[in-house]
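*Asks:* First, the structure itself, so that you have it in front of you.
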Amino acid sequence: MKKIGLIGGTSWHSTIVYYRLINEMVGEKIGTQANPELLIYSLNIELMREQNKEKINNKYLEIAHTLQNAGAEALVICANTPHMVFDFVQPKIGIPILHIADAIGKEARDKGLKTLGLLGNRPTMTGDFIPKYLKEHYEINTIIPDAQYIDQNHHYVSVELTRGIFTPEAKTFFREQMEMLKAKGADGIILGCTELPMLLDASDFNLPMIATTQLHAKMAADFILGG
């Protein structure tokens with residue numbers, strides 16, 4: 001089995017889910033008598049809350065080198081938003097970062113989806129690190145909520161979900177956002193915050209929902225197993 005490095009902490013709640021899912025998925029193939037070797041670096045989420053891009057880039061590069069030097073053969077960033085560092089970090093290290101947008105793109109392609117609504121925090125929705133990647137590599141278009149709802153999306157993700165707070169009010173809000181994205185032409189929804197699949201499931205909406213956490217964890221498990 002290959003050894004991967006997990007960069008977590010944003011949030012630690014979703015990092016736990018990544019760890020559990022990867023072990024479960026690998027265990028389904030090799031049996032529960034064993035488990036994969038994993039390297040985990042859990043950083044302080046305050047780094048992301050500062051929204052200092054240069055500082056974030058440099059910290060993720062430092063962590064990437066630390067995990068590479070410790071024997072990691074690939075890296076998994078256990079969240080959506082920190083993939084903003086991909087273009088900065090990947091050329092400076094000698095191992096691949098398993099991009100979460102590849103997990104999204106392959107799932108959307110398999111389901112025949114062409115236009116995806118993107119939910120998440122402000123940097124994820126308004127940044128280009130997921131939409132641009134999906135467009136360039138999978139010819140998938142991405143749409144986001146109307147401008148007047150961006151702050152409320154960000155509030156629920158950053159102030160509540162990443163702190164382990166899951167309320168009926170948040171679920172209602174995101175259901176309404178999905179309805180609006182559907183009306184704008186979305187044929188599927190990206191749950192672009194790793195905590196959103198902890199709030200919502202397939203029964204909550206009538207379009208395919210792409211749960212990035214589970215798909216990204218499977219991508220990691222496949223790599224571990226040699227895929």
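Labeling convention for the structure tokens: chains A, B, ... as they appear, residues from 1 per chain, ligands from 1 in order of appearance.
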What are the nearest atom pairs, with distances in Å to one decimal, for all residues of region 52-145 of chain A that come at most 12 Å from region 24-48 of chain A, using only C-alpha atoms, set out by chain and rising residue number as a Markdown table?
*Replies:*
| residue | atom | partner | partner_atom | distance |
| --- | --- | --- | --- | --- |
| A:Asn52 | CA | A:Met48 | CA | 7.6 |
| A:Lys53 | CA | A:Met48 | CA | 8.6 |
| A:Glu54 | CA | A:Leu47 | CA | 10.8 |
| A:Lys55 | CA | A:Leu47 | CA | 7.9 |
| A:Ile56 | CA | A:Leu47 | CA | 6.6 |
| A:Asn57 | CA | A:Leu47 | CA | 10.3 |
| A:Asn58 | CA | A:Leu47 | CA | 11.0 |
| A:Lys59 | CA | A:Leu47 | CA | 8.6 |
| A:Tyr60 | CA | A:Leu43 | CA | 9.3 |
| A:Glu62 | CA | A:Tyr41 | CA | 11.0 |
| A:Ile63 | CA | A:Tyr41 | CA | 7.3 |
| A:Ala64 | CA | A:Tyr41 | CA | 9.3 |
| A:His65 | CA | A:Tyr41 | CA | 11.4 |
| A:Thr66 | CA | A:Tyr41 | CA | 8.9 |
| A:Leu67 | CA | A:Leu39 | CA | 7.0 |
| A:Gln68 | CA | A:Leu39 | CA | 9.7 |
| A:Asn69 | CA | A:Leu39 | CA | 11.0 |
| A:Ala70 | CA | A:Leu39 | CA | 8.0 |
| A:Gly71 | CA | A:Leu39 | CA | 8.5 |
| A:Ala72 | CA | A:Leu39 | CA | 7.1 |
| A:Glu73 | CA | A:Leu39 | CA | 10.3 |
| A:Ala74 | CA | A:Leu39 | CA | 10.3 |
| A:Leu75 | CA | A:Leu39 | CA | 9.3 |
| A:Val76 | CA | A:Ile40 | CA | 9.6 |
| A:Ile77 | CA | A:Tyr41 | CA | 9.8 |
| A:Cys78 | CA | A:Ser42 | CA | 9.5 |
| A:Ala79 | CA | A:Ile45 | CA | 11.0 |
| A:Asn80 | CA | A:Met48 | CA | 11.6 |
| A:Thr81 | CA | A:Met48 | CA | 8.5 |
| A:Pro82 | CA | A:Met48 | CA | 7.8 |
| A:His83 | CA | A:Met48 | CA | 11.4 |
| A:Met84 | CA | A:Met48 | CA | 10.7 |
| A:Val85 | CA | A:Met48 | CA | 11.3 |
| A:Asn121 | CA | A:Met48 | CA | 11.3 |
| A:Arg122 | CA | A:Met48 | CA | 11.7 |
| A:Pro123 | CA | A:Met48 | CA | 9.9 |
| A:Thr124 | CA | A:Met48 | CA | 11.7 |
*Asks:* Running DSSP on the backbone, which parts of region 60-187 of chain A land in strand (DSSP E or B), as a PyMOL selection string?
*Replies:* chain A and resi 74-77+97+115-119+141-143
*Asks:* Do a neighbour search on Pro131 (chain A) at 10 Å with only C-alpha atoms, toss out local chain neighbours closer than 3 positions, and write the hits as a ChimeraX atom specification.
*Replies:* /A:101,116,118,124-128,134-136,139-144
*Asks:* For the residues in that selection, give me N, CA and C atoms as a PDB file, in the first residue's frame.
*Replies:*
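Once written, out-v7.pdb looks like this:
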ATOM      1  N   ALA A 101     -11.173  18.664  -7.032  1.00  0.00           N
ATOM      2  CA  ALA A 101     -11.972  18.911  -8.235  1.00  0.00           C
ATOM      3  C   ALA A 101     -11.918  17.732  -9.196  1.00  0.00           C
ATOM      4  N   LEU A 116     -22.989  22.645 -12.716  1.00  0.00           N
ATOM      5  CA  LEU A 116     -23.076  22.346 -11.294  1.00  0.00           C
ATOM      6  C   LEU A 116     -23.217  23.628 -10.480  1.00  0.00           C
ATOM      7  N   LEU A 118     -22.569  25.475  -7.037  1.00  0.00           N
ATOM      8  CA  LEU A 118     -21.504  25.345  -6.039  1.00  0.00           C
ATOM      9  C   LEU A 118     -21.891  26.059  -4.752  1.00  0.00           C
ATOM     10  N   THR A 124     -14.505  29.766  -1.536  1.00  0.00           N
ATOM     11  CA  THR A 124     -14.748  28.628  -2.422  1.00  0.00           C
ATOM     12  C   THR A 124     -15.711  29.003  -3.546  1.00  0.00           C
ATOM     13  N   MET A 125     -16.755  29.752  -3.213  1.00  0.00           N
ATOM     14  CA  MET A 125     -17.753  30.091  -4.224  1.00  0.00           C
ATOM     15  C   MET A 125     -17.256  31.170  -5.185  1.00  0.00           C
ATOM     16  N   THR A 126     -16.541  32.156  -4.666  1.00  0.00           N
ATOM     17  CA  THR A 126     -16.136  33.283  -5.503  1.00  0.00           C
ATOM     18  C   THR A 126     -14.752  33.105  -6.118  1.00  0.00           C
ATOM     19  N   GLY A 127     -13.969  32.135  -5.617  1.00  0.00           N
ATOM     20  CA  GLY A 127     -12.661  31.852  -6.193  1.00  0.00           C
ATOM     21  C   GLY A 127     -12.791  31.011  -7.448  1.00  0.00           C
ATOM     22  N   ASP A 128     -11.674  30.852  -8.163  1.00  0.00           N
ATOM     23  CA  ASP A 128     -11.729  30.088  -9.417  1.00  0.00           C
ATOM     24  C   ASP A 128     -11.057  28.722  -9.325  1.00  0.00           C
ATOM     25  N   LEU A 134     -12.600  22.564 -13.078  1.00  0.00           N
ATOM     26  CA  LEU A 134     -13.666  21.761 -13.674  1.00  0.00           C
ATOM     27  C   LEU A 134     -13.880  22.120 -15.147  1.00  0.00           C
ATOM     28  N   LYS A 135     -13.788  23.401 -15.458  1.00  0.00           N
ATOM     29  CA  LYS A 135     -13.980  23.825 -16.841  1.00  0.00           C
ATOM     30  C   LYS A 135     -12.845  23.332 -17.725  1.00  0.00           C
ATOM     31  N   GLU A 136     -11.596  23.493 -17.260  1.00  0.00           N
ATOM     32  CA  GLU A 136     -10.434  23.139 -18.068  1.00  0.00           C
ATOM     33  C   GLU A 136     -10.269  21.639 -18.246  1.00  0.00           C
ATOM     34  N   GLU A 139     -14.771  20.221 -18.788  1.00  0.00           N
ATOM     35  CA  GLU A 139     -15.755  20.995 -19.558  1.00  0.00           C
ATOM     36  C   GLU A 139     -17.089  21.104 -18.823  1.00  0.00           C
ATOM     37  N   ILE A 140     -16.993  21.293 -17.519  1.00  0.00           N
ATOM     38  CA  ILE A 140     -18.171  21.450 -16.669  1.00  0.00           C
ATOM     39  C   ILE A 140     -18.282  22.902 -16.232  1.00  0.00           C
ATOM     40  N   ASN A 141     -19.463  23.478 -16.391  1.00  0.00           N
ATOM     41  CA  ASN A 141     -19.715  24.857 -15.956  1.00  0.00           C
ATOM     42  C   ASN A 141     -20.173  24.876 -14.506  1.00  0.00           C
ATOM     43  N   THR A 142     -19.846  25.960 -13.823  1.00  0.00           N
ATOM     44  CA  THR A 142     -20.196  26.098 -12.416  1.00  0.00           C
ATOM     45  C   THR A 142     -20.937  27.409 -12.200  1.00  0.00           C
ATOM     46  N   ILE A 143     -22.010  27.362 -11.424  1.00  0.00           N
ATOM     47  CA  ILE A 143     -22.742  28.570 -11.057  1.00  0.00           C
ATOM     48  C   ILE A 143     -22.845  28.650  -9.544  1.00  0.00           C
ATOM     49  N   ILE A 144     -22.941  29.870  -9.030  1.00  0.00           N
ATOM     50  CA  ILE A 144     -22.981  30.074  -7.582  1.00  0.00           C
ATOM     51  C   ILE A 144     -24.233  30.859  -7.207  1.00  0.00           C
TER      52      ILE A 144
END
*Asks:* Using only C-alpha atoms for the distances, tell me which of A:Asp222, A:Glu169, A:Gly117, A:His154 is nearest to Lys182 (chain A).
*Replies:*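 Answer, going by the shortest atom-to-atom distance: A:Gly117.
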*Asks:* Can you pull out the residues contacting Ala108 (chain A)? Cut-off 10 Å, using only C-alpha atoms, and skip same-chain residues under 2 positions away; I want them as a PyMOL selection string.
*Replies:* chain A and resi 102-106+110-116+134+138+140+187-190+208-210
*Asks:* Convert the current residue selection to file output with C-alpha atoms, as a compact mmCIF listing (two decimals), in the first residue's frame.
*Replies:*
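Here's the written file part-v9.txt:
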# COMPACT_ATOMS: atom_id res chain seq x y z
CA ASP A 102 -10.85 15.69 -9.94
CA ALA A 103 -13.10 13.77 -7.57
CA ILE A 104 -15.94 16.18 -8.39
CA GLY A 105 -15.32 16.14 -12.13
CA LYS A 106 -15.17 12.36 -12.48
CA ASP A 110 -20.14 9.64 -14.77
CA LYS A 111 -23.57 11.10 -14.00
CA GLY A 112 -23.70 13.10 -17.22
CA LEU A 113 -23.85 16.46 -15.41
CA LYS A 114 -22.77 19.59 -17.30
CA THR A 115 -23.68 22.52 -15.02
CA LEU A 116 -23.08 22.35 -11.29
CA LEU A 134 -13.67 21.76 -13.67
CA TYR A 138 -13.93 18.30 -17.53
CA ILE A 140 -18.17 21.45 -16.67
CA ASP A 187 -28.33 19.89 -13.04
CA GLY A 188 -26.32 18.92 -9.95
CA ILE A 189 -25.05 20.50 -6.74
CA ILE A 190 -21.51 20.53 -5.37
CA PRO A 208 -27.74 14.84 -7.64
CA MET A 209 -25.60 16.20 -4.81
CA ILE A 210 -21.86 15.75 -5.14
*Asks:* So how many Å separate CA of Ser203 (chain A) and CA of Ile100 (chain A), to one decimal?
*Replies:*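 A separation of 23.5 Å between them.
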*Asks:* Using only C-alpha atoms, determine which residues lie at most 8 Å from Ser14 (chain A), disregarding the query and same-chain residues fewer than 4 positions distant; provide the list as a VMD selection string.
*Replies:* chain A and resid 9 to 10 18 78 to 79 194 to 195 213
*Asks:* Taking the backbone alone, and naming residues the way the document does, which bits of region 176-223 of chain A are helix (DSSP H, G or I) by DSSP, as a ChimeraX atom specification?
*Replies:* /A:176-183,196-199,202-204,212-223
*Asks:* Rounded to one decimal in Å, what is the spacing between CA of Thr162 (chain A) and CA of Gly185 (chain A)?
*Replies:*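 That distance, rounded to one decimal, is 28.5 Å.
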*Asks:* Could you tell me how far CA of Asp146 (chain A) sits from CA of Leu181 (chain A), in Å to one decimal place?
*Replies:* 8.8 Å
*Asks:* Give the answer as one residue: which of A:Ile7, A:Val157, A:Leu119, A:Leu196 has the shortest atom-to-atom distance to Met180 (chain A), using only C-alpha atoms?
*Replies:*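 Looking at the shortest contact to Met180 (chain A), the residue is A:Leu119.
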*Asks:* Determine the nearest neighbour of Glu160 (chain A) from the options A:Ile130, A:Leu215, A:Ala221, A:His13, counting only C-alpha atoms.
*Replies:*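 Counting only C-alpha atoms, the residue closest to Glu160 (chain A) is A:His13.
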*Asks:* Write out as number ranges by chain each polymer residue whose atoms come within 10 Å of Leu200 (chain A), counting only C-alpha atoms; drop sequence neighbours fewer than 3 positions from it.
*Replies:* A: 166, 170-172, 174-175, 191, 195-197, 203-205, 209, 211
*Asks:* With C-alpha atoms retained, could you export that selection as a short mmCIF file (atom, residue, chain, number, x, y, z; two decimals), in the first residue's frame?
*Replies:*
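Final output, selection_7.cif:
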data_model
loop_
_atom_site.label_atom_id
_atom_site.label_comp_id
_atom_site.auth_asym_id
_atom_site.auth_seq_id
_atom_site.Cartn_x
_atom_site.Cartn_y
_atom_site.Cartn_z
CA PHE A 166 -25.62 21.86 12.53
CA ALA A 170 -28.95 26.01 8.16
CA LYS A 171 -30.49 22.98 6.45
CA THR A 172 -33.52 25.03 5.36
CA PHE A 174 -29.15 25.46 1.93
CA ARG A 175 -32.24 23.69 0.57
CA LEU A 191 -21.53 20.40 -1.57
CA GLU A 195 -19.11 19.76 6.49
CA LEU A 196 -22.11 20.18 4.17
CA PRO A 197 -22.51 16.40 3.63
CA SER A 203 -33.02 12.81 0.49
CA ASP A 204 -32.83 16.56 1.03
CA PHE A 205 -33.02 17.55 -2.64
CA MET A 209 -25.60 16.20 -4.81
CA ALA A 211 -20.53 15.16 -1.62
#
